[in-house]
Each structure stands twice: as structure tokens, then as C-alpha cells.
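S.K.: Sharing structure_25.cif below, mmCIF, C-alpha atoms:
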data_my_file
#
loop_
_atom_site.label_atom_id
_atom_site.label_comp_id
_atom_site.auth_asym_id
_atom_site.auth_seq_id
_atom_site.Cartn_x
_atom_site.Cartn_y
_atom_site.Cartn_z
CA MET A 16 104.63 241.92 162.68
CA LEU A 17 108.10 241.37 161.22
CA ALA A 18 110.99 243.62 162.14
CA PRO A 19 111.93 246.05 159.33
CA TYR A 20 115.23 244.22 158.76
CA ALA A 21 113.68 240.73 158.65
CA ALA A 22 113.30 238.80 155.40
CA LYS A 23 109.87 239.56 153.97
CA PRO A 24 108.35 237.03 151.55
CA GLU A 25 107.02 239.73 149.24
CA GLU A 26 110.52 241.23 148.96
CA SER A 27 112.28 237.96 148.13
CA ARG A 28 114.72 238.13 145.25
CA GLY A 29 112.98 235.11 143.81
CA ARG A 30 114.26 231.87 142.32
CA LEU A 31 116.85 231.22 139.62
CA HIS A 32 114.17 229.47 137.58
CA PRO A 33 110.98 231.56 137.85
CA GLU A 34 107.90 229.75 139.13
CA PRO A 35 104.33 230.83 139.86
CA GLU A 36 103.82 231.75 143.52
CA SER A 37 101.77 229.46 145.72
CA PRO A 38 98.37 230.82 146.83
CA THR A 39 98.69 229.12 150.23
CA ARG A 40 102.39 229.19 151.14
CA SER A 41 105.05 231.88 151.23
CA PRO A 42 108.27 231.39 149.21
CA PHE A 43 110.19 230.51 152.38
CA GLN A 44 107.55 227.99 153.48
CA ARG A 45 107.90 226.32 150.09
CA ASP A 46 111.70 226.25 150.53
CA ARG A 47 111.31 224.56 153.90
CA ASP A 48 108.88 222.00 152.51
CA ARG A 49 111.14 221.17 149.55
CA ILE A 50 114.05 220.61 151.92
CA ILE A 51 112.02 218.29 154.16
CA HIS A 52 110.81 216.24 151.18
CA SER A 53 114.28 215.92 149.61
CA ALA A 54 116.17 212.64 149.49
CA ALA A 55 119.22 214.30 151.04
CA PHE A 56 117.20 215.30 154.11
CA ARG A 57 115.88 211.76 154.65
CA LYS A 58 119.41 210.37 154.48
CA LEU A 59 120.43 212.47 157.48
CA GLN A 60 118.63 209.92 159.66
CA TYR A 61 121.54 207.51 159.15
CA LYS A 62 124.46 209.95 159.08
CA THR A 63 126.78 210.37 162.04
CA GLN A 64 126.69 213.40 164.30
CA VAL A 65 129.41 212.23 166.74
CA PHE A 66 128.65 208.55 167.27
CA VAL A 67 128.29 206.18 164.30
CA TYR A 68 124.64 205.20 163.91
CA HIS A 69 125.05 201.54 164.87
CA GLU A 70 126.54 202.39 168.28
CA GLY A 71 123.10 203.07 169.75
CA ASP A 72 119.61 204.24 168.89
CA TYR A 73 119.56 207.15 171.35
CA TYR A 74 122.52 209.11 170.03
CA ARG A 75 121.90 212.11 167.80
CA THR A 76 122.13 211.74 164.07
CA ARG A 77 122.41 214.53 161.52
CA LEU A 78 118.61 214.41 161.19
CA THR A 79 117.76 214.76 164.87
CA HIS A 80 120.45 217.43 165.21
CA SER A 81 118.93 219.40 162.32
CA ILE A 82 115.47 219.19 163.89
CA GLU A 83 116.83 220.45 167.21
CA VAL A 84 118.61 223.33 165.46
CA ALA A 85 115.38 224.20 163.64
CA GLN A 86 113.42 224.27 166.90
CA ILE A 87 115.89 226.66 168.53
CA ALA A 88 116.14 228.82 165.40
CA ARG A 89 112.39 229.13 165.08
CA SER A 90 111.98 230.09 168.74
CA VAL A 91 114.71 232.72 168.54
CA ALA A 92 113.33 234.12 165.28
CA ARG A 93 109.86 234.41 166.80
CA SER A 94 111.20 236.28 169.84
CA LEU A 95 113.09 238.72 167.63
CA ASN A 96 110.21 239.24 165.14
CA LEU A 97 112.16 237.66 162.31
CA ASN A 98 110.98 235.36 159.54
CA GLU A 99 110.51 232.01 161.29
CA ASP A 100 109.99 230.06 158.07
CA LEU A 101 113.29 231.18 156.55
CA ALA A 102 115.18 230.55 159.80
CA GLU A 103 113.66 227.07 159.99
CA ALA A 104 114.45 226.27 156.35
CA LEU A 105 118.09 227.29 156.80
CA ALA A 106 118.41 225.24 159.99
CA LEU A 107 116.99 222.15 158.30
CA ALA A 108 119.24 222.53 155.26
CA HIS A 109 122.55 223.43 156.88
CA ASP A 110 123.90 219.86 157.13
CA LEU A 111 122.58 218.34 153.90
CA GLY A 112 126.07 218.19 152.39
CA HIS A 113 127.65 216.14 155.15
CA THR A 114 129.32 212.86 154.26
CA PRO A 115 128.76 209.59 156.09
CA PHE A 116 130.67 209.32 159.38
CA GLY A 117 130.51 213.01 160.23
CA HIS A 118 133.63 215.16 160.15
CA ALA A 119 135.87 212.10 159.88
CA GLY A 120 134.23 211.22 156.57
CA GLU A 121 134.47 214.81 155.38
CA ASP A 122 138.17 215.02 156.27
CA ALA A 123 138.90 211.77 154.43
CA LEU A 124 137.00 212.88 151.33
CA ASP A 125 138.67 216.29 151.40
CA GLN A 126 142.09 214.60 151.49
CA ALA A 127 141.12 212.28 148.65
CA MET A 128 139.90 215.28 146.62
CA ALA A 129 142.96 217.44 147.39
CA GLU A 130 144.15 217.31 143.77
CA TYR A 131 140.67 217.95 142.37
CA GLY A 132 139.46 221.03 144.24
CA GLY A 133 138.91 219.54 147.69
CA PHE A 134 135.66 218.78 149.48
CA GLN A 135 133.72 220.96 151.88
CA HIS A 136 130.29 220.07 153.23
CA ASN A 137 128.91 223.60 152.87
CA ASP A 138 129.86 223.58 149.20
CA GLN A 139 128.28 220.13 148.86
CA THR A 140 125.06 221.43 150.39
CA LEU A 141 124.83 223.97 147.58
CA ARG A 142 125.50 221.21 145.01
CA ILE A 143 122.59 219.25 146.44
CA LEU A 144 120.25 222.23 146.47
CA THR A 145 121.12 223.43 142.96
CA SER A 146 122.05 220.28 141.07
CA LEU A 147 122.12 216.83 142.68
CA GLU A 148 118.48 216.69 143.81
CA ARG A 149 116.72 215.75 140.58
CA ARG A 150 113.01 215.64 141.21
CA TYR A 151 111.40 218.40 139.19
CA ALA A 152 110.62 218.43 135.47
CA ASP A 153 111.78 222.00 134.81
CA PHE A 154 115.08 222.21 136.70
CA ASP A 155 117.78 220.37 138.64
CA GLY A 156 118.03 220.97 142.37
CA LEU A 157 115.27 222.40 144.54
CA ASN A 158 115.21 225.89 143.00
CA LEU A 159 115.17 227.60 146.39
CA THR A 160 114.90 231.35 146.85
CA TRP A 161 117.94 233.60 146.77
CA GLU A 162 117.62 234.18 150.52
CA SER A 163 117.74 230.46 151.32
CA LEU A 164 120.72 229.79 149.08
CA GLU A 165 122.57 232.84 150.42
CA GLY A 166 121.90 231.76 154.00
CA VAL A 167 123.14 228.22 153.44
CA VAL A 168 126.30 229.32 151.64
CA LYS A 169 127.15 231.94 154.26
CA HIS A 170 126.29 229.70 157.22
CA ASN A 171 129.65 230.58 158.78
CA GLY A 172 129.74 234.19 157.66
CA PRO A 173 131.12 236.08 154.61
CA LEU A 174 133.20 233.98 152.23
CA VAL A 175 135.19 236.66 150.41
CA THR A 176 137.91 237.99 152.71
CA ASP A 177 140.87 240.32 152.46
CA GLU A 178 143.15 237.28 152.51
CA GLY A 179 141.63 236.18 149.19
CA ALA A 180 141.25 232.50 150.12
CA PRO A 181 139.96 230.48 147.15
CA LEU A 182 136.25 229.77 147.13
CA PRO A 183 134.93 226.20 147.05
CA ALA A 184 134.25 225.12 143.46
CA THR A 185 130.46 224.91 143.45
CA ILE A 186 129.98 228.14 145.38
CA SER A 187 132.37 229.95 143.03
CA GLU A 188 130.65 228.61 139.90
CA PHE A 189 127.12 229.29 141.14
CA ASN A 190 128.01 232.79 142.31
CA ARG A 191 129.00 233.67 138.76
CA VAL A 192 125.51 232.68 137.63
CA TRP A 193 123.64 234.31 140.53
CA ASP A 194 125.44 236.76 142.80
CA LEU A 195 125.01 235.68 146.44
CA GLU A 196 126.95 238.72 147.72
CA LEU A 197 129.59 236.54 149.33
CA HIS A 198 131.48 239.52 150.72
CA THR A 199 128.61 240.60 153.01
CA GLN A 200 127.21 239.28 156.26
CA PRO A 201 124.40 236.74 155.90
CA GLY A 202 120.84 237.85 156.52
CA ILE A 203 119.71 237.93 160.12
CA GLU A 204 117.70 234.68 159.85
CA ALA A 205 120.82 232.90 158.60
CA GLN A 206 122.76 234.28 161.55
CA VAL A 207 120.08 232.89 163.88
CA ALA A 208 120.29 229.47 162.24
CA ALA A 209 124.08 229.42 162.55
CA ILE A 210 124.22 230.21 166.26
CA SER A 211 121.30 227.85 166.91
CA ASP A 212 123.53 225.16 165.39
CA ASP A 213 126.21 225.99 167.98
CA ILE A 214 123.73 225.91 170.86
CA ALA A 215 122.25 222.60 169.75
CA TYR A 216 125.46 220.65 169.23
CA ASN A 217 127.19 221.98 172.35
CA ASN A 218 124.30 220.79 174.47
CA HIS A 219 123.36 217.53 172.82
CA ASP A 220 127.01 216.49 172.65
CA ILE A 221 127.10 216.82 176.45
CA ASP A 222 124.01 214.60 176.59
CA ASP A 223 125.44 212.01 174.20
CA GLY A 224 128.87 212.10 175.84
CA LEU A 225 127.30 211.37 179.23
CA ARG A 226 125.14 208.61 177.77
CA ALA A 227 128.20 207.01 176.16
CA GLY A 228 130.17 207.18 179.42
CA LEU A 229 132.93 209.28 177.88
CA ILE A 230 132.43 212.06 180.43
CA SER A 231 130.81 212.26 183.86
CA LEU A 232 128.73 214.81 185.71
CA ASP A 233 131.68 215.39 188.02
CA ASP A 234 133.75 216.36 184.97
CA LEU A 235 131.12 218.92 184.01
CA ALA A 236 131.04 220.32 187.55
CA GLU A 237 134.46 221.88 186.89
CA LEU A 238 133.21 223.97 183.94
CA PRO A 239 131.95 227.55 184.30
CA LEU A 240 128.20 227.99 183.87
CA VAL A 241 127.63 224.23 183.40
CA GLY A 242 129.03 223.57 186.86
CA ASP A 243 126.96 226.40 188.35
CA ILE A 244 123.72 224.99 186.92
CA LEU A 245 124.64 221.49 188.08
CA SER A 246 125.30 222.78 191.60
CA GLU A 247 121.94 224.58 191.63
CA LEU A 248 120.14 221.42 190.58
CA ARG A 249 121.87 219.21 193.14
CA GLY A 250 120.98 221.69 195.85
CA ARG A 251 117.36 222.00 194.81
CA TYR A 252 116.77 218.32 193.97
CA PRO A 253 119.02 216.22 196.23
CA GLY A 254 118.99 212.56 195.22
CA LEU A 255 117.43 213.25 191.80
CA GLU A 256 117.96 210.27 189.50
CA ARG A 257 120.76 210.71 186.99
CA ARG A 258 118.76 210.80 183.77
CA ARG A 259 116.42 213.48 185.15
CA LEU A 260 119.41 215.46 186.41
CA ILE A 261 121.02 215.35 182.97
CA HIS A 262 117.83 216.47 181.25
CA GLU A 263 117.34 219.35 183.67
CA LEU A 264 120.96 220.39 183.18
CA ILE A 265 120.67 220.44 179.38
CA ARG A 266 117.35 222.28 179.26
CA ARG A 267 118.59 224.96 181.66
CA LEU A 268 121.84 225.37 179.78
CA ILE A 269 119.97 225.84 176.49
CA ASP A 270 117.66 228.35 178.19
CA ARG A 271 120.61 230.36 179.57
CA MET A 272 122.29 230.45 176.17
CA VAL A 273 119.14 231.45 174.32
CA SER A 274 118.24 234.10 176.88
CA ASP A 275 121.72 235.61 176.65
CA LEU A 276 121.54 235.48 172.85
CA LEU A 277 118.26 237.40 172.80
CA VAL A 278 119.49 240.13 175.13
CA GLU A 279 122.79 240.60 173.31
CA THR A 280 121.21 240.53 169.85
CA ARG A 281 118.65 243.16 170.83
CA ARG A 282 121.48 245.32 172.18
CA ARG A 283 123.43 245.01 168.92
CA VAL A 284 120.37 245.71 166.80
CA GLU A 285 119.61 248.81 168.83
CA ALA A 286 123.19 250.04 168.39
CA LEU A 287 123.16 249.41 164.62
CA ALA A 288 119.59 250.66 164.11
CA PRO A 289 119.08 248.79 160.84
CA ARG A 290 116.12 249.82 158.70
CA THR A 291 116.35 247.09 156.07
CA ALA A 292 117.73 243.59 155.58
CA ALA A 293 120.50 245.17 153.49
CA ASP A 294 121.66 247.10 156.56
CA ILE A 295 122.17 243.78 158.37
CA ARG A 296 124.17 242.37 155.45
CA HIS A 297 126.42 245.42 155.18
CA ALA A 298 127.19 245.65 158.90
CA ASP A 299 130.81 245.23 159.95
CA ALA A 300 129.98 242.25 162.18
CA PRO A 301 127.09 239.86 162.87
CA VAL A 302 124.23 241.28 164.88
CA VAL A 303 123.21 237.88 166.27
CA GLY A 304 125.53 236.60 168.98
CA PHE A 305 126.32 235.89 172.60
CA SER A 306 127.56 238.37 175.15
CA ALA A 307 131.32 238.32 175.76
CA GLU A 308 130.78 236.35 178.97
CA MET A 309 128.58 233.70 177.35
CA GLU A 310 130.94 233.44 174.39
CA THR A 311 133.74 232.63 176.82
CA TYR A 312 131.61 229.97 178.50
CA SER A 313 130.77 228.51 175.09
CA GLN A 314 134.42 228.38 174.02
CA VAL A 315 135.44 226.63 177.26
CA LEU A 316 132.68 224.07 176.75
CA ARG A 317 133.68 223.51 173.13
CA LYS A 318 137.31 222.91 174.09
CA PHE A 319 136.23 220.49 176.80
CA LEU A 320 134.05 218.52 174.38
CA PHE A 321 136.79 218.46 171.77
CA ALA A 322 139.32 217.02 174.18
CA ARG A 323 137.07 214.69 176.15
CA VAL A 324 134.45 213.55 173.61
CA TYR A 325 135.45 214.18 170.00
CA ARG A 326 139.02 212.96 170.60
CA HIS A 327 138.20 210.17 173.05
CA PHE A 328 140.00 206.98 172.03
CA GLN A 329 136.73 205.12 171.48
CA VAL A 330 135.53 207.82 169.09
CA ASN A 331 139.00 207.92 167.48
CA ARG A 332 138.79 204.20 166.72
CA GLU A 333 135.48 204.60 164.92
CA THR A 334 136.62 207.69 163.02
CA SER A 335 139.82 205.91 162.00
CA LYS A 336 137.76 203.11 160.55
CA ALA A 337 135.48 205.62 158.85
CA ARG A 338 138.39 207.38 157.16
CA ARG A 339 139.66 204.07 155.79
CA VAL A 340 136.23 203.19 154.42
CA VAL A 341 135.89 206.52 152.61
CA ARG A 342 139.45 206.41 151.29
CA ASP A 343 139.10 202.84 150.03
CA LEU A 344 135.84 203.58 148.24
CA PHE A 345 137.21 206.72 146.59
CA GLU A 346 140.35 205.01 145.32
CA LEU A 347 138.43 202.04 143.94
CA PHE A 348 135.77 204.09 142.15
CA MET A 349 138.41 206.38 140.63
CA ALA A 350 140.44 203.41 139.36
CA GLU A 351 137.42 201.33 138.33
CA PRO A 352 134.44 203.57 137.57
CA ASN A 353 132.63 200.57 136.08
CA THR A 354 132.04 199.43 139.68
CA LEU A 355 129.78 202.43 140.28
CA PRO A 356 126.00 201.96 140.06
CA THR A 357 124.65 202.33 136.53
CA GLU A 358 123.17 205.81 137.02
CA TRP A 359 126.61 207.10 138.10
CA GLN A 360 128.77 204.87 135.94
CA ASP A 361 128.19 206.17 132.41
CA GLU A 362 129.02 209.77 133.23
CA ALA A 363 132.06 208.80 135.34
CA ILE A 364 133.58 206.61 132.62
CA LYS A 365 133.30 209.37 130.02
CA ALA A 366 134.61 212.10 132.31
CA ASP A 367 138.19 213.32 132.60
CA HIS A 368 140.02 212.65 135.86
CA VAL A 369 138.94 215.87 137.58
CA ALA A 370 135.28 215.55 136.61
CA ARG A 371 135.29 211.87 137.57
CA ALA A 372 136.65 212.70 141.02
CA ARG A 373 133.75 215.10 141.62
CA ILE A 374 131.22 212.47 140.51
CA VAL A 375 132.78 209.91 142.85
CA ALA A 376 132.79 212.45 145.69
CA ASP A 377 129.10 213.18 145.05
CA TYR A 378 128.28 209.47 145.20
CA ILE A 379 130.22 208.85 148.42
CA ALA A 380 129.02 212.04 150.12
CA GLY A 381 125.44 211.00 149.47
CA MET A 382 125.86 207.69 151.28
CA THR A 383 124.53 207.02 154.74
CA ASP A 384 126.86 205.43 157.30
CA ARG A 385 125.13 202.11 156.85
CA TYR A 386 125.25 202.16 153.07
CA ALA A 387 128.93 203.12 153.03
CA LEU A 388 129.76 200.16 155.28
CA ILE A 389 127.70 197.81 153.10
CA GLU A 390 129.33 199.10 149.92
CA HIS A 391 132.76 198.65 151.44
CA GLN A 392 131.91 195.11 152.48
CA ARG A 393 130.57 194.27 149.02
CA LEU A 394 133.67 195.56 147.30
CA PHE A 395 136.46 194.52 149.65
CA ASP A 396 135.26 191.47 151.60
CA VAL A 397 135.82 188.28 149.63
CA HIS A 398 133.10 186.63 151.75
CA PRO A 399 130.49 189.39 152.05
CA LYS A 400 127.41 188.92 154.20
CA PHE A 401 124.38 190.60 152.64
#
Could you spell out this file's structure in C-alpha cells?
M.R.:
Amino acid sequence: MLAPYAAKPEESRGRLHPEPESPTRSPFQRDRDRIIHSAAFRKLQYKTQVFVYHEGDYYRTRLTHSIEVAQIARSVARSLNLNEDLAEALALAHDLGHTPFGHAGEDALDQAMAEYGGFQHNDQTLRILTSLERRYADFDGLNLTWESLEGVVKHNGPLVTDEGAPLPATISEFNRVWDLELHTQPGIEAQVAAISDDIAYNNHDIDDGLRAGLISLDDLAELPLVGDILSELRGRYPGLERRRLIHELIRRLIDRMVSDLLVETRRRVEALAPRTAADIRHADAPVVGFSAEMETYSQVLRKFLFARVYRHFQVNRETSKARRVVRDLFELFMAEPNTLPTEWQDEAIKADHVARARIVADYIAGMTDRYALIEHQRLFDVHPKF
């Protein structure tokens, strides 16, 4: 039933460390299951999406965001006759490398690591999947298939460009061991997971922004597409209570985006006429995407959310605090590695400055928001409350 250019389990390029195949699950189902059972995945429950976890129980976290992305990706993959299991695995894994406190934490850690190779959450995701998860007797990491690792690394498209920008450290090192074809487009399931990420966060950030009172429905009425749907709803359901109105708005907006995505992707596939997954990877541009009109609507919405939600002064105050927490922790652990937990301490003390910085970054990046705040309190508050 799969399209000829979809990822087929029997054609997988396998795993870096060979393992016997499961009699009951495909390789991509096993990848998905390993991701779900990983420690890094569980930690996403207490990692910021936009709002720090303690600001309210109803706001999205990295975990709920990843689940929503996976739901959209699986639905799209099913409609296009693609490999649902691979699309789902990639959607669930795409944010594993995020630091506490969302992009504010990542920016702070990247600045702290500027002299040591920088920090990038996509690179950190690969570190988790190939090294930092230590659960199995025969290998470090989760030993995922080539297709899953390629899809995670190329979540935002090809990494090798004409400009010759340097590759993140882990991706560069791993690619020398196992060629992920960084110069090509990602497989079609990875493209589905990436745009499902865009659809999910654009829509749930509207929901969370409204819930937080940072934006209003009247603000949204001025936006193309969003305003049209809102007007339709108010005309059809006059006097509808606010929370129902918001839900109906979000579900219809997701439906419009997904419907447009399916039509446009089918048009591009028909024009390309790919016969294999390799044809998708060697195309000049992604085959999964919005129409020009929907892409414009999406960009307008993204700019609106950036200005009105992500840069709202209340969010800025929390992200400012988050950056200080990450910076303080990094500087202390670099200067005094004996303050690290025992399992991290021995290696950090023996390491040179560059290697120590990466160990410290791994430790901090693996923290949840809550744990980072507790660690900061333990180390910097002379009267800590435990």
C-alpha cells in the first residue's frame, strides 16, 4: 500500500550496530518505541515550549507538542501512502535535544559554548540518540535505523550548502562514521514531520497565547485566514462561549493547513514523478509543502506570534531569568567540575577545557526546567529551600 517513494522497512539501510530483526515489529516501529521509552523523551514533559512549566498546567510542554506533531505527521503520512511509523518516530524525536527553558535556554547555552563549538538542539538530539542514552548492553545510544537518524539530522533540510557553513560537531563526527547524505533533501517522511512541527506550534501557540492573555481574538481577527475562519464561526455560532470558539478556530485552522498541504504535496509529487525514495532525496526542493498562498498566511501568522507572544514582556522576563540560570550553571560547572554529580564529575575533571565544556553542556541540556531551577537554587542560594 505504500507509495513507491516511501520508506519501506525491508529496504532500510539498517543500524550502525547490527541487530536481529523483530518478528513482530518493523525497524521503524522499533525506532519509535525506543524513542518513547528513552529518558530524554520523558524529560520533555517538564521542558518549556513557550511558557515555563510552572506558569500553568494547561500550557504546552515539549512533550505535548511532540505528541501533537506526531498525530499530524501520522495523519498526513497515511493520506499520502507514506510510512506512518517512520513519520511518527521522527516527529516524536525531533525535540529531544532541547535545553530547559526552550529557545532561551538554547541561546544561552550556545553563547556559553561559543568558544567550544557552540550548541544546537538538532545536533544535541543526535548526541542523545547515538551516545548519551545509555540503556543497552551492546551499544551507546538507541541504535536507530539510518532513515531515522537521517530524518532527525535533516529536520530543517540539507545541511551541506554552497556557502560551506560549518557543520555542528556531533553531526560532522557521526557523518564521518556513517554517511547521512547531508547534501540531499531528507526523505519524504522526514519532510512530513518537519512541516507537521510548523503546523502544530503555529496553532497551539495561538491557543496558549490566548489562554495566557497575551493576545485576544480581536487581534487574530486582523490576520488573513485566521480572521476569515473566526468571522465564519462568529456568524454561524453567535454567542458561542469563548473556550469553544477558540477550540473551533484552532481545529479549523489545522484542517485548512493540512488540506492545503495534501493538495500541494500531491501536485509536487506528480510533477516530479519520483519512482524511489532516492528520487525524493535528490530533488532540487522539498516535495512536501504548502501552496504559495498558504505559505504566505503561515509567515504572517509566525511574524504575529513572534511579535505578540514570543517577545511579549511577560515572556521576556521569564526568558531573561532562564538565560541567567543557564549561564550561571555553565560558568560554575566549568570552574568547579567537582560540583557536578558523581557520574558526570570524574570525566569532567579529567577532560581538557573543550571536552569539559561539552560534558557540562550535555548535563545542562538534559535538565528539565524544574531541575535546572532547583540546581541553581542549591548552588547559588545561601538559604536554599529543598
S.K.: As a check of understanding, name the residues that the PyMOL selection byres ((chain A and resi 60-62) around 7) selects in the supplied structure, as a PDB file with C-alpha atoms, keeping the file's coordinate frame.
M.R.:
ATOM      1  CA  ARG A  57     115.880 211.760 154.650  1.00  0.00           C
ATOM      2  CA  LYS A  58     119.410 210.370 154.480  1.00  0.00           C
ATOM      3  CA  LEU A  59     120.430 212.470 157.480  1.00  0.00           C
ATOM      4  CA  THR A  63     126.780 210.370 162.040  1.00  0.00           C
ATOM      5  CA  GLN A  64     126.690 213.400 164.300  1.00  0.00           C
ATOM      6  CA  TYR A  68     124.640 205.200 163.910  1.00  0.00           C
ATOM      7  CA  THR A  76     122.130 211.740 164.070  1.00  0.00           C
ATOM      8  CA  ARG A  77     122.410 214.530 161.520  1.00  0.00           C
ATOM      9  CA  LEU A  78     118.610 214.410 161.190  1.00  0.00           C
ATOM     10  CA  PRO A 115     128.760 209.590 156.090  1.00  0.00           C
ATOM     11  CA  PHE A 116     130.670 209.320 159.380  1.00  0.00           C
ATOM     12  CA  GLY A 117     130.510 213.010 160.230  1.00  0.00           C
ATOM     13  CA  THR A 383     124.530 207.020 154.740  1.00  0.00           C
ATOM     14  CA  ASP A 384     126.860 205.430 157.300  1.00  0.00           C
ATOM     15  CA  ARG A 385     125.130 202.110 156.850  1.00  0.00           C
TER      16      ARG A 385
END
S.K.: I'd like the neighbourhood of Leu277 in chain A as a ChimeraX atom specification, where a residue qualifies if any of its atoms comes within 12 Å (using all atoms listed in the file), though same-chain residues fewer than 2 positions away should be ignored.
M.R.: /A:87-88,90-96,207,210-211,270-275,279-284,302-306,309
S.K.: Can I get the selection written as a compact mmCIF listing (two decimals), in the coordinates of the input, with C-alpha atoms?
M.R.:
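So result.txt came out as:
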# COMPACT_ATOMS: atom_id res chain seq x y z
CA ILE A 87 115.89 226.66 168.53
CA ALA A 88 116.14 228.82 165.40
CA SER A 90 111.98 230.09 168.74
CA VAL A 91 114.71 232.72 168.54
CA ALA A 92 113.33 234.12 165.28
CA ARG A 93 109.86 234.41 166.80
CA SER A 94 111.20 236.28 169.84
CA LEU A 95 113.09 238.72 167.63
CA ASN A 96 110.21 239.24 165.14
CA VAL A 207 120.08 232.89 163.88
CA ILE A 210 124.22 230.21 166.26
CA SER A 211 121.30 227.85 166.91
CA ASP A 270 117.66 228.35 178.19
CA ARG A 271 120.61 230.36 179.57
CA MET A 272 122.29 230.45 176.17
CA VAL A 273 119.14 231.45 174.32
CA SER A 274 118.24 234.10 176.88
CA ASP A 275 121.72 235.61 176.65
CA GLU A 279 122.79 240.60 173.31
CA THR A 280 121.21 240.53 169.85
CA ARG A 281 118.65 243.16 170.83
CA ARG A 282 121.48 245.32 172.18
CA ARG A 283 123.43 245.01 168.92
CA VAL A 284 120.37 245.71 166.80
CA VAL A 302 124.23 241.28 164.88
CA VAL A 303 123.21 237.88 166.27
CA GLY A 304 125.53 236.60 168.98
CA PHE A 305 126.32 235.89 172.60
CA SER A 306 127.56 238.37 175.15
CA MET A 309 128.58 233.70 177.35
S.K.: Which distance in Å separates CA of Ile50 in chain A and CA of Gln139 in chain A, to one decimal?
M.R.: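 Separation of CA of Ile50 in chain A and CA of Gln139 in chain A: 14.6 Å.
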S.K.: Separation of CA of Ile203 in chain A and CA of Asn171 in chain A, in Å?
M.R.: 12.4 Å
S.K.: Per residue of range 67-180 of chain A within 10 Å of range 26-31 of chain A, record the nearest atom pair and its distance in Å to one decimal, counting all atoms listed in the file, with rows in chain order and ascending residue number, as a Markdown table.
M.R.:
| residue | atom | partner | partner_atom | distance |
| --- | --- | --- | --- | --- |
| A:Thr145 | CA | A:Leu31 | CA | 9.5 |
| A:Phe154 | CA | A:Leu31 | CA | 9.6 |
| A:Leu157 | CA | A:Arg30 | CA | 9.8 |
| A:Asn158 | CA | A:Arg30 | CA | 6.1 |
| A:Leu159 | CA | A:Arg30 | CA | 6.0 |
| A:Thr160 | CA | A:Arg30 | CA | 4.6 |
| A:Trp161 | CA | A:Arg28 | CA | 5.8 |
| A:Glu162 | CA | A:Ser27 | CA | 7.0 |
| A:Ser163 | CA | A:Arg30 | CA | 9.8 |
| A:Leu164 | CA | A:Arg30 | CA | 9.6 |
S.K.: Carefully work through the PyMOL selection byres ((chain A and resi 345) around 10) for this structure and note down the residues it includes, as a PyMOL selection string.
M.R.: chain A and resi 123-124+127-128+339-344+346-352+372+375-376+378-379
S.K.: Could you tell me which residues the PyMOL selection byres ((chain A and resi 183) around 8) grabs in this file, written as a list of chain:residue names?
M.R.: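 On the file shown, the PyMOL selection byres ((chain A and resi 183) around 8) covers A:Gly132, A:Gly133, A:Phe134, A:Gln135, A:Asp138, A:Pro181, A:Leu182, A:Ala184, A:Thr185, A:Ile186, A:Ser187.
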S.K.: If you measure from CA of Glu204 in chain A to CA of Gly166 in chain A, what distance in Å do you get, rounded to one decimal?
M.R.: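 CA of Glu204 in chain A sits 7.8 Å away from CA of Gly166 in chain A.
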S.K.: Can you work out which one of A:Pro19, A:Gly381, A:Gly172, A:Gly112 has the shortest atom-to-atom distance to Ala288 in chain A, counting only C-alpha atoms?
M.R.: A:Pro19
S.K.: Out of A:Arg267, A:Arg191, A:His136, A:Arg251, which residue has the shortest atom-to-atom distance to Val168 in chain A when counting all atoms listed in the file?
M.R.: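 The answer is A:His136, which sits nearest to Val168 in chain A.
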S.K.: Hey, which of A:Leu238, A:Val369, A:Ala85, A:Ala337 ends up closest to Ile214 in chain A? Count only C-alpha atoms.
M.R.: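 Closest to Ile214 in chain A, using only C-alpha atoms: A:Ala85.
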S.K.: Can you give me N, CA, C and O atoms for range 309-320 of chain A, written as a compact mmCIF listing (two decimals), in the coordinates of the input?
M.R.:
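out_30.txt, written as the output of this step:
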# COMPACT_ATOMS: atom_id res chain seq x y z
N MET A 309 129.12 234.97 177.82
CA MET A 309 128.58 233.70 177.35
C MET A 309 129.45 233.11 176.25
O MET A 309 129.60 231.89 176.16
N GLU A 310 130.04 233.95 175.43
CA GLU A 310 130.94 233.44 174.39
C GLU A 310 132.13 232.75 175.02
O GLU A 310 132.59 231.70 174.53
N THR A 311 132.64 233.29 176.11
CA THR A 311 133.74 232.63 176.82
C THR A 311 133.31 231.29 177.37
O THR A 311 134.03 230.29 177.23
N TYR A 312 132.13 231.24 177.99
CA TYR A 312 131.61 229.97 178.50
C TYR A 312 131.48 228.94 177.36
O TYR A 312 131.83 227.77 177.53
N SER A 313 130.98 229.40 176.23
CA SER A 313 130.77 228.51 175.09
C SER A 313 132.09 227.96 174.56
O SER A 313 132.21 226.78 174.22
N GLN A 314 133.11 228.81 174.51
CA GLN A 314 134.42 228.38 174.02
C GLN A 314 135.05 227.35 174.97
O GLN A 314 135.65 226.37 174.53
N VAL A 315 134.91 227.59 176.28
CA VAL A 315 135.44 226.63 177.26
C VAL A 315 134.75 225.28 177.10
O VAL A 315 135.40 224.22 177.12
N LEU A 316 133.43 225.31 176.94
CA LEU A 316 132.68 224.07 176.75
C LEU A 316 133.10 223.36 175.48
O LEU A 316 133.28 222.13 175.46
N ARG A 317 133.29 224.11 174.40
CA ARG A 317 133.68 223.51 173.13
C ARG A 317 135.05 222.85 173.24
O ARG A 317 135.26 221.75 172.72
N LYS A 318 135.98 223.51 173.91
CA LYS A 318 137.31 222.91 174.09
C LYS A 318 137.24 221.64 174.93
O LYS A 318 137.94 220.66 174.66
N PHE A 319 136.41 221.67 175.95
CA PHE A 319 136.23 220.49 176.80
C PHE A 319 135.67 219.34 175.98
O PHE A 319 136.19 218.20 176.05
N LEU A 320 134.64 219.58 175.18
CA LEU A 320 134.05 218.52 174.38
C LEU A 320 135.03 218.00 173.33
O LEU A 320 135.08 216.80 173.05
